[in-house]
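Pasting input_7.csv here (CSV, C-alpha atoms and all ligand atoms):
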```
chain,number,residue,atom,x,y,z
A,135,MET,CA,-28.5,19.4,35.4
A,136,ARG,CA,-28.1,15.6,35.2
A,137,VAL,CA,-29.0,13.9,32.0
A,138,GLU,CA,-29.4,10.3,31.1
A,139,THR,CA,-26.4,9.1,29.0
A,140,ARG,CA,-27.2,6.5,26.4
A,141,VAL,CA,-24.4,4.4,24.9
A,142,ALA,CA,-25.1,2.9,21.5
A,143,ALA,CA,-23.1,0.4,19.4
A,144,ALA,CA,-21.6,1.9,16.3
A,145,GLY,CA,-23.9,0.3,13.7
A,146,GLU,CA,-27.3,1.2,14.9
A,147,GLY,CA,-26.2,4.4,16.6
A,148,ILE,CA,-24.9,6.2,13.6
A,149,HIS,CA,-28.3,7.5,12.4
A,150,ASP,CA,-29.2,8.7,16.0
A,151,ALA,CA,-25.9,10.5,16.4
A,152,ALA,CA,-26.4,12.4,13.1
A,153,ALA,CA,-30.0,13.2,14.1
A,154,LEU,CA,-28.8,14.5,17.5
A,155,LEU,CA,-26.2,16.7,15.8
A,156,ALA,CA,-28.8,18.1,13.4
A,157,ALA,CA,-31.1,18.9,16.3
A,158,GLY,CA,-28.3,21.0,17.9
A,159,GLY,CA,-27.3,18.3,20.4
A,160,LEU,CA,-24.0,16.8,21.7
A,161,VAL,CA,-22.6,13.4,20.9
A,162,ALA,CA,-19.5,11.6,21.9
A,163,LEU,CA,-17.9,9.9,18.9
A,164,PRO,CA,-14.9,7.6,18.3
A,165,THR,CA,-12.0,8.9,16.2
A,166,GLU,CA,-8.7,7.2,15.4
A,167,THR,CA,-6.9,9.4,18.0
A,168,VAL,CA,-9.2,9.8,21.0
A,169,TYR,CA,-13.0,10.1,21.6
A,170,GLY,CA,-14.4,13.5,20.7
A,171,LEU,CA,-17.4,15.4,22.1
A,172,GLY,CA,-19.1,16.8,19.0
A,173,ALA,CA,-21.6,19.5,18.0
A,174,ASN,CA,-22.6,21.3,14.8
A,175,ALA,CA,-19.5,23.5,14.2
A,176,LEU,CA,-21.6,26.2,12.4
A,177,ASP,CA,-24.1,26.5,15.3
A,178,PRO,CA,-22.6,28.5,18.3
A,179,VAL,CA,-25.5,27.6,20.6
A,180,ALA,CA,-24.8,23.9,20.0
A,181,CYS,CA,-21.1,24.4,20.5
A,182,ALA,CA,-21.7,26.3,23.7
A,183,GLN,CA,-22.9,23.1,25.3
A,184,ILE,CA,-19.4,21.5,24.7
A,185,PHE,CA,-17.8,24.1,26.9
A,186,GLU,CA,-20.5,23.6,29.5
A,187,ALA,CA,-20.3,19.7,29.6
A,188,LYS,CA,-16.5,19.8,29.7
A,189,ALA,CA,-16.2,22.8,32.1
A,190,ARG,CA,-13.8,24.2,29.5
A,191,PRO,CA,-12.9,27.8,29.4
A,192,LEU,CA,-14.3,29.8,26.5
A,193,SER,CA,-10.8,31.0,25.7
A,194,ASP,CA,-9.8,27.5,24.5
A,195,PRO,CA,-10.8,27.0,20.8
A,196,LEU,CA,-12.2,23.8,19.2
A,197,ILE,CA,-11.0,21.7,16.4
A,198,VAL,CA,-13.5,21.6,13.4
A,199,HIS,CA,-13.8,18.1,11.8
A,200,ILE,CA,-14.9,18.2,8.1
A,201,PRO,CA,-17.0,15.6,6.3
A,202,SER,CA,-15.3,16.1,3.0
A,203,ILE,CA,-12.3,18.0,1.5
A,204,ASP,CA,-14.5,20.6,-0.2
A,205,TRP,CA,-15.2,22.1,3.3
A,206,LEU,CA,-11.6,23.1,3.7
A,207,ASP,CA,-11.8,26.1,1.5
A,208,ARG,CA,-15.2,27.0,2.8
A,209,LEU,CA,-13.9,27.3,6.3
A,210,ALA,CA,-10.3,28.6,5.9
A,211,ILE,CA,-7.8,30.3,3.6
A,212,VAL,CA,-5.5,27.5,2.6
A,213,PRO,CA,-1.8,28.1,1.8
A,214,GLU,CA,-0.2,25.6,-0.7
A,215,ALA,CA,1.9,23.9,2.0
A,216,ALA,CA,-1.3,23.2,4.0
A,217,ARG,CA,-3.0,21.7,0.9
A,218,ARG,CA,-0.1,19.3,0.4
A,219,LEU,CA,-0.2,18.3,4.1
A,220,ALA,CA,-4.0,17.7,3.8
A,221,GLU,CA,-3.5,15.6,0.6
A,222,LYS,CA,-0.8,13.5,2.3
A,223,PHE,CA,-2.2,13.0,5.8
A,224,TRP,CA,-6.0,13.3,5.5
A,225,PRO,CA,-8.1,11.6,6.5
A,226,GLY,CA,-5.9,11.1,9.5
A,227,PRO,CA,-4.4,12.4,12.8
A,228,LEU,CA,-3.3,15.8,11.6
A,229,THR,CA,-4.9,19.1,12.5
A,230,LEU,CA,-4.1,22.2,10.5
A,231,VAL,CA,-4.4,25.7,12.0
A,232,LEU,CA,-5.3,28.2,9.2
A,233,PRO,CA,-6.7,31.7,8.7
A,234,ARG,CA,-10.4,31.4,9.2
A,235,ARG,CA,-13.3,32.5,7.1
A,236,ALA,CA,-16.3,34.4,8.5
A,237,ILE,CA,-18.6,31.3,8.4
A,238,VAL,CA,-16.7,29.8,11.5
A,239,PRO,CA,-18.4,31.0,14.7
A,240,ASP,CA,-16.2,33.1,17.1
A,241,LEU,CA,-17.0,30.7,19.9
A,242,VAL,CA,-15.3,27.9,17.9
A,243,THR,CA,-12.1,29.9,17.4
A,244,ALA,CA,-12.3,31.6,20.8
A,245,GLY,CA,-12.2,34.9,18.9
A,246,GLN,CA,-8.9,34.1,17.2
A,247,GLU,CA,-8.3,34.7,13.5
A,248,THR,CA,-7.4,31.1,12.9
A,249,VAL,CA,-9.4,27.9,12.8
A,250,ALA,CA,-8.1,24.4,13.5
A,251,ILE,CA,-9.3,21.8,11.0
A,252,ARG,CA,-9.0,18.1,10.7
A,253,MET,CA,-10.5,15.2,8.8
A,254,SER,CA,-10.8,12.0,10.8
A,255,SER,CA,-10.2,8.6,9.2
A,256,HIS,CA,-12.4,6.7,11.7
A,257,PRO,CA,-15.1,4.9,9.7
A,258,VAL,CA,-17.8,5.4,12.4
A,259,PHE,CA,-16.9,9.1,12.7
A,260,GLN,CA,-16.9,9.5,8.9
A,261,ALA,CA,-20.3,7.7,8.7
A,262,VAL,CA,-21.8,10.1,11.2
A,263,LEU,CA,-20.4,13.2,9.4
A,264,ALA,CA,-21.5,11.9,6.0
A,265,ALA,CA,-25.1,11.4,7.4
A,266,PHE,CA,-25.0,14.9,9.1
A,267,GLY,CA,-23.4,16.6,6.1
A,268,LYS,CA,-21.8,19.5,8.0
A,269,PRO,CA,-18.5,20.1,10.0
A,270,VAL,CA,-18.5,19.0,13.6
A,271,ALA,CA,-16.5,20.8,16.3
A,272,ALA,CA,-15.1,18.3,18.7
A,273,PRO,CA,-12.6,18.5,21.5
A,274,SER,CA,-11.5,15.4,23.4
A,275,ALA,CA,-14.5,14.0,25.4
A,276,ASN,CA,-13.0,14.5,28.9
A,277,ARG,CA,-13.5,17.1,31.6
A,278,PHE,CA,-11.2,20.0,31.0
A,279,GLY,CA,-7.6,19.3,31.9
A,280,ARG,CA,-8.1,15.6,32.4
A,281,ILE,CA,-7.0,12.5,30.6
A,282,SER,CA,-8.4,12.1,27.1
A,283,PRO,CA,-10.7,9.1,26.6
A,284,THR,CA,-9.6,6.2,24.4
A,285,CYS,CA,-12.7,4.0,24.7
A,286,ALA,CA,-16.4,4.5,25.4
A,287,GLU,CA,-16.1,3.6,29.1
A,288,HIS,CA,-13.6,6.4,29.6
A,289,VAL,CA,-16.1,8.8,28.1
A,290,LEU,CA,-18.7,7.6,30.5
A,291,ALA,CA,-16.4,8.0,33.5
A,292,GLU,CA,-15.6,11.6,32.4
A,293,LEU,CA,-19.0,12.8,31.1
A,294,GLY,CA,-21.6,10.3,32.1
A,295,GLY,CA,-24.7,12.2,33.4
A,296,ARG,CA,-23.5,15.4,31.5
A,297,ILE,CA,-24.1,14.4,27.9
A,298,PRO,CA,-27.0,12.5,26.2
A,299,PHE,CA,-25.2,10.1,23.9
A,300,VAL,CA,-22.0,8.1,23.4
A,301,LEU,CA,-21.4,6.2,20.2
A,302,ASP,CA,-19.2,3.2,21.0
A,303,GLY,CA,-16.7,2.4,18.3
A,304,GLY,CA,-14.3,0.4,20.4
A,305,PRO,CA,-10.8,1.5,21.4
A,306,CYS,CA,-9.0,4.3,19.5
A,307,ARG,CA,-6.1,3.1,17.3
A,308,HIS,CA,-3.6,5.9,18.1
A,309,GLY,CA,-4.7,6.7,21.6
A,310,ILE,CA,-3.2,10.2,21.7
A,311,GLU,CA,-4.6,13.4,20.1
A,312,SER,CA,-3.8,14.6,16.6
A,313,THR,CA,-0.6,16.5,15.7
A,314,ILE,CA,-1.5,20.2,15.4
A,315,VAL,CA,0.4,22.3,12.9
A,316,LEU,CA,0.2,26.0,12.2
A,317,VAL,CA,1.2,26.7,8.6
A,318,THR,CA,2.7,30.1,8.1
A,319,GLY,CA,4.7,31.7,5.2
A,320,ASP,CA,8.0,30.7,6.8
A,321,GLY,CA,7.2,27.1,7.6
A,322,LEU,CA,5.4,24.6,9.9
A,323,HIS,CA,5.0,25.2,13.6
A,324,ILE,CA,4.1,22.1,15.6
A,325,LEU,CA,1.7,23.3,18.3
A,326,ARG,CA,1.1,19.8,19.6
A,327,HIS,CA,3.1,16.7,18.9
A,328,GLY,CA,1.1,13.6,17.9
A,329,PRO,CA,0.8,10.6,15.6
A,330,VAL,CA,2.1,12.4,12.6
A,331,THR,CA,5.7,13.0,13.7
A,332,GLU,CA,8.1,15.9,13.2
A,333,GLU,CA,10.2,13.6,11.0
A,334,GLU,CA,7.3,13.0,8.7
A,335,LEU,CA,6.4,16.7,8.6
A,336,ALA,CA,9.9,17.8,7.7
A,337,ALA,CA,9.4,16.7,4.1
A,338,PHE,CA,6.7,19.4,3.7
A,339,GLY,CA,8.5,22.5,5.0
A,340,GLN,CA,10.8,23.9,7.6
A,341,VAL,CA,9.7,22.8,11.0
A,342,ARG,CA,9.9,25.8,13.3
A,343,GLY,CA,9.5,26.5,16.9
A,344,ALA,CA,6.5,28.0,18.6
A,345,VAL,CA,5.1,31.3,17.4
A,346,SER,CA,4.6,34.2,19.8
A,347,GLY,CA,1.0,35.3,20.1
A,348,ILE,CA,-0.3,31.8,19.2
A,349,SER,CA,-1.3,30.0,22.3
A,350,ALA,CA,-0.1,26.4,22.1
A,351,PRO,CA,-2.9,23.9,22.3
A,352,GLY,CA,-3.7,22.7,25.7
A,353,GLY,CA,-1.7,25.8,26.2
A,354,LEU,CA,-1.8,25.4,29.9
A,355,LEU,CA,1.2,23.8,31.4
A,356,SER,CA,-0.8,21.2,33.4
A,357,HIS,CA,-3.0,19.1,31.1
A,358,TYR,CA,-3.9,15.5,30.5
A,359,ALA,CA,-3.6,15.2,34.2
A,360,PRO,CA,-4.3,12.3,36.6
A,361,ARG,CA,-5.5,13.3,40.0
A,362,THR,CA,-2.7,11.4,41.7
A,363,PRO,CA,0.6,13.4,41.7
A,364,MET,CA,2.9,12.3,38.9
A,365,ARG,CA,6.7,12.8,38.4
A,366,ILE,CA,8.9,11.9,35.5
A,367,ALA,CA,11.9,10.0,36.7
A,368,ALA,CA,14.1,6.9,36.3
A,369,PRO,CA,12.3,4.1,38.1
A,370,VAL,CA,14.5,3.6,41.2
A,371,GLU,CA,12.2,2.4,43.8
A,372,GLN,CA,13.9,3.8,47.0
A,373,GLU,CA,14.5,7.2,45.4
A,374,SER,CA,11.0,7.3,43.9
A,375,ARG,CA,9.6,7.5,47.4
A,376,LEU,CA,11.6,10.7,48.0
A,377,LEU,CA,9.7,12.3,45.1
A,378,PHE,CA,6.4,12.3,47.1
A,379,PRO,CA,7.6,13.3,50.6
A,380,GLN,CA,4.3,15.1,51.4
A,381,GLN,CA,2.5,11.7,51.1
A,382,GLU,CA,4.7,10.1,53.9
A,383,GLY,CA,2.2,9.5,56.6
A,384,SER,CA,1.3,7.2,59.4
A,385,ARG,CA,-1.4,4.6,59.7
A,386,ASP,CA,-2.4,3.4,63.2
A,387,GLY,CA,0.4,5.5,64.7
A,388,ARG,CA,3.0,3.6,62.6
A,389,PRO,CA,4.9,5.5,59.9
A,390,THR,CA,4.1,4.2,56.4
A,391,ALA,CA,6.0,4.6,53.1
A,392,PRO,CA,4.0,6.1,50.3
A,393,ALA,CA,2.5,3.7,47.8
A,394,ILE,CA,4.1,4.5,44.4
A,395,GLY,CA,3.0,3.3,41.1
A,396,LEU,CA,5.2,3.0,37.9
A,397,LEU,CA,4.2,3.9,34.4
A,398,SER,CA,7.0,1.8,32.8
A,399,TRP,CA,8.7,2.0,29.5
A,400,SER,CA,11.4,-0.7,29.9
A,401,SER,CA,11.9,-1.5,33.5
A,402,SER,CA,10.3,-4.4,35.4
A,403,GLY,CA,8.9,-2.2,38.1
A,404,GLU,CA,10.0,-4.4,40.9
A,405,GLY,CA,9.3,-2.9,44.3
A,406,PHE,CA,6.5,-0.6,43.1
A,407,ALA,CA,3.0,-0.9,44.4
A,408,GLU,CA,1.5,-1.0,40.9
A,409,VAL,CA,3.0,-1.2,37.5
A,410,GLU,CA,1.6,-0.4,34.0
A,411,HIS,CA,3.8,-1.3,31.0
A,412,LEU,CA,3.4,1.0,28.0
A,413,SER,CA,4.8,-1.6,25.7
A,414,HIS,CA,6.5,-4.8,26.6
A,415,LYS,CA,8.4,-4.7,23.3
A,416,GLN,CA,9.2,-1.0,23.6
A,417,ASP,CA,7.2,-0.1,20.5
A,418,LEU,CA,6.3,3.7,20.6
A,419,ARG,CA,3.0,3.2,18.7
A,420,GLU,CA,1.8,0.6,21.1
A,421,ALA,CA,3.0,2.8,24.0
A,422,ALA,CA,1.0,5.8,22.7
A,423,SER,CA,-2.1,3.7,22.3
A,424,ASN,CA,-1.8,2.4,25.9
A,425,LEU,CA,-0.7,5.7,27.5
A,426,TYR,CA,-4.0,7.2,28.6
A,427,GLY,CA,-5.6,3.9,29.6
A,428,ALA,CA,-2.5,3.0,31.7
A,429,MET,CA,-2.5,6.5,33.3
A,430,ARG,CA,-6.2,6.1,34.2
A,431,ARG,CA,-5.7,2.7,35.8
A,432,LEU,CA,-2.8,4.0,37.9
A,433,ASP,CA,-4.9,7.0,38.9
A,434,GLN,CA,-7.7,4.7,40.1
A,435,ALA,CA,-5.3,2.4,42.1
A,436,GLY,CA,-5.4,4.5,45.3
A,437,LEU,CA,-1.7,5.4,45.0
A,438,ASP,CA,0.1,8.3,46.7
A,439,GLY,CA,2.2,9.0,43.6
A,440,ILE,CA,3.0,7.9,40.1
A,441,VAL,CA,6.5,7.7,38.6
A,442,ALA,CA,6.6,7.9,34.8
A,443,GLU,CA,9.7,6.5,33.2
A,444,PRO,CA,10.8,8.6,30.2
A,445,VAL,CA,10.6,7.2,26.7
A,446,PRO,CA,13.0,7.9,23.9
A,447,GLU,CA,12.1,11.3,22.4
A,448,THR,CA,12.2,10.4,18.7
A,449,GLY,CA,9.2,9.9,16.4
A,450,LEU,CA,6.1,9.3,18.5
A,451,GLY,CA,8.2,9.5,21.6
A,452,ALA,CA,8.1,13.3,21.3
A,453,ALA,CA,4.3,13.2,21.6
A,454,ILE,CA,4.3,10.8,24.5
A,455,MET,CA,6.9,12.9,26.5
A,456,GLU,CA,5.0,16.1,25.7
A,457,ARG,CA,1.9,14.6,27.4
A,458,LEU,CA,3.9,13.1,30.3
A,459,ARG,CA,5.4,16.5,31.0
A,460,LYS,CA,2.0,18.2,31.1
A,461,ALA,CA,0.5,15.4,33.2
A,462,ALA,CA,3.4,15.8,35.7
A,463,ALA,CA,3.2,19.7,35.8
A,464,ARG,CA,1.2,20.8,38.9
B,1,LIG,O1,-7.1,14.1,18.1
B,1,LIG,C1,-7.7,15.2,18.3
B,1,LIG,O2,-7.3,16.3,17.9
B,1,LIG,C2,-9.0,15.2,19.2
B,1,LIG,C3,-10.0,14.4,18.3
B,1,LIG,C4,-11.4,14.4,19.0
B,1,LIG,O3,-10.2,15.0,17.1
B,1,LIG,N1,-9.4,16.5,19.5
B,1,LIG,C5,-8.7,17.2,20.5
B,1,LIG,O4,-9.3,18.4,20.8
B,1,LIG,O5,-7.7,16.8,21.0
B,1,LIG,P1,-9.0,19.3,22.1
B,1,LIG,O6,-9.9,20.4,22.0
B,1,LIG,O7,-9.0,18.4,23.2
B,1,LIG,O8,-7.5,19.8,21.8
B,1,LIG,C6,-7.4,20.7,20.7
B,1,LIG,C7,-6.4,21.7,21.0
B,1,LIG,C8,-6.9,22.6,22.1
B,1,LIG,O9,-5.9,22.6,23.1
B,1,LIG,C9,-6.9,24.0,21.5
B,1,LIG,O10,-6.4,25.0,22.3
B,1,LIG,C10,-6.2,23.9,20.2
B,1,LIG,O11,-6.3,22.6,19.8
B,1,LIG,N2,-6.7,24.7,19.2
B,1,LIG,C11,-7.9,24.7,18.6
B,1,LIG,N3,-8.1,25.7,17.7
B,1,LIG,C12,-6.9,26.4,17.7
B,1,LIG,C13,-6.4,27.5,17.0
B,1,LIG,N4,-7.1,28.2,16.1
B,1,LIG,N5,-5.1,27.9,17.2
B,1,LIG,C14,-4.3,27.2,18.1
B,1,LIG,N6,-4.7,26.2,18.8
B,1,LIG,C15,-6.0,25.7,18.6
B,2,MG,MG,-8.3,17.7,25.0
```
Mind turning this structure into C-alpha cells?
Amino acid sequence: MRVETRVAAAGEGIHDAAALLAAGGLVALPTETVYGLGANALDPVACAQIFEAKARPLSDPLIVHIPSIDWLDRLAIVPEAARRLAEKFWPGPLTLVLPRRAIVPDLVTAGQETVAIRMSSHPVFQAVLAAFGKPVAAPSANRFGRISPTCAEHVLAELGGRIPFVLDGGPCRHGIESTIVLVTGDGLHILRHGPVTEEELAAFGQVRGAVSGISAPGGLLSHYAPRTPMRIAAPVEQESRLLFPQQEGSRDGRPTAPAIGLLSWSSSGEGFAEVEHLSHKQDLREAASNLYGAMRRLDQAGLDGIVAEPVPETGLGAAIMERLRKAAAR
C-alpha cells in the first residue's frame, strides 16, 4: 500500500515525530551515524511495520535507542565493562549487545537472548526521544541490503511512499553505522566496525574475534550494496575493464567497452567514466562521511561497473573496508 511521505524540518517536526511514535507509527529520524527508521521499541506491532517497510527478514534484530541512561538496566543485564563503554562513548556511535530482559519484545531481538542498545548523540534524535519518553527501535532507513541513507533525500529515495514521515536533520556527521560490540566475560567482540575504532576499544578490554553462534550484524555477506556491480581493486583503467567482462557489449553493431566508475581514495581516476573522491586530503573521517553518498551517485550514473580503491585499514579504515567488501560481495 502506498502512503504519502511527509518531510518536515527538524524544528517544527520534532513534536509530530514524537506523536507519531506514541501512536504506534513509523518515523525516519537523523542520527549522527545514518538515518534510522524508528518505532516504539516496546510495541511489537509498531516494530513489525519496520520490517514491512524495509522488506527486512524477521530474523534480523533491531537496535534499541534509549532516551536516557536509566533505560540501560531496564532493558538489559549490564556487565561492568559494558557500563564503562557506555560511560565513555554514549551518547555516540557505539552499540552494545547485552543479555536482554523480558521487557524487550522477541520481534526486536529476533528471538535472540541478547539486545543491541545505543544512545544517539544527535540533538534532533535526542529531542524526539525526550518528547516520546521511551526507547525507539531503529534500523538504518533503507530497503533491506541497500546503502544506508546519510541525508533525508536518501531516505525518500529508499522509502518514499512506504513510510509516513521523515524528519530532516541535514546530513549525518559520521556517515557510516555505529560500531557494534558484544561484551562477554572474556572480552569485547566487534560485530561491526564503525566510528568508534578497534584502537579506541582496546583500552576497555581484550578485543576478540567473532563468536560462534552470534550472527554478525548485516550478517549476510552482501550488504550496503549498490545495484551496479562493484569490485575492490587498484584503479588501473585498462585492467579495471577486465573486472566486468560480462558487461562488454555492442551498441549499433559496434563493440563497446564497459563504462566503469571509480570510487577513489587517492588516485586521480583518469580514464574512468565517472569518479567520486572519498576525501581529497585522504582523511578517513571525511571518507567515511562521504562513502554512502558517493556510492549512491555512482550507482545512479548508469555505469556497467564500479571499482572501489582500497583505503588503509587502520582506525576508521577498517569500518570503510568492511562496508566496501560487503558492497562488492555478490
Ligand atoms: O548507526 C546505527 O547503528 C544505525 C542508526 C540508525 O542507529 N542503525 C543501524 O541499524 O545500522 P541496522 O539494523 O541497519 O543494523 C544493525 C545491525 C543489524 O545488522 C543486526 O543484525 C544487528 O545490528 N543486531 C541487532 N541486534 C543484534 C543482536 N542482539 N545481536 C547481534 N546483532 C544484532
Ligand atoms: Mg542497516
**Message:** Which residues are near ligand MG 2 (chain B) - at most 8 Å, using only C-alpha atoms and all ligand atoms? Format: as a VMD selection string.
**Reply:** chain A and resid 273 to 276 278 to 282 311 352 358
**Request:** Find the spatial neighbours of A:Ile184, counting only C-alpha atoms, within a cut-off of 8 Å - ignore same-chain residues fewer than 5 positions away - and output them as a list of chain:residue names.
**Result:**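 Listing them by chain and then by number gives A:Leu160, A:Leu171, A:Gly172, A:Ala173, A:Arg190.
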**Prompt:** A:Asp194: which residues within 8 Å, counting all atoms listed in the file, same-chain residues fewer than 2 positions away excluded, as a ChimeraX atom specification?
**Reply:** /A:190-192,196,243-244,352
Take the residues from that selection and put them in a file with C-alpha atoms, as a PDB file, in the frame of the given file.
```pdb
ATOM      1  CA  ARG A 190     -13.800  24.200  29.500  1.00  0.00           C
ATOM      2  CA  PRO A 191     -12.900  27.800  29.400  1.00  0.00           C
ATOM      3  CA  LEU A 192     -14.300  29.800  26.500  1.00  0.00           C
ATOM      4  CA  LEU A 196     -12.200  23.800  19.200  1.00  0.00           C
ATOM      5  CA  THR A 243     -12.100  29.900  17.400  1.00  0.00           C
ATOM      6  CA  ALA A 244     -12.300  31.600  20.800  1.00  0.00           C
ATOM      7  CA  GLY A 352      -3.700  22.700  25.700  1.00  0.00           C
TER       8      GLY A 352
END
```
**Message:** Can you tell me which residues surround stretch 434-448 of chain A at a distance of at most 7 Å, considering all atoms listed in the file, apart from same-chain residues fewer than 6 positions away, and format the answer as a PyMOL selection string?
**Reply:** chain A and resi 362-369+374+378+381+392-399+455
**Message:** Let me make sure I understand: among A:Phe185, A:Phe266, A:Trp205, A:Phe223, which one has the smallest atom-to-atom distance to ligand LIG 1 (chain B) if we use all atoms listed in the file?
**Reply:**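 Result for the nearest residue to ligand LIG 1 (chain B): A:Phe185.
Among A:Ser193, A:Ile454, A:Ala152, A:Ile314, the residue with the shortest atom-to-atom distance to A:Leu232, counting all atoms listed in the file, is A:Ile314.
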**Prompt:** List as an MDAnalysis selection string: which residues have an atom within 10 Å of (15.0, -1.5, 43.9), counting only C-alpha atoms?
**Reply:** chainID A and resid 369:374 403:406
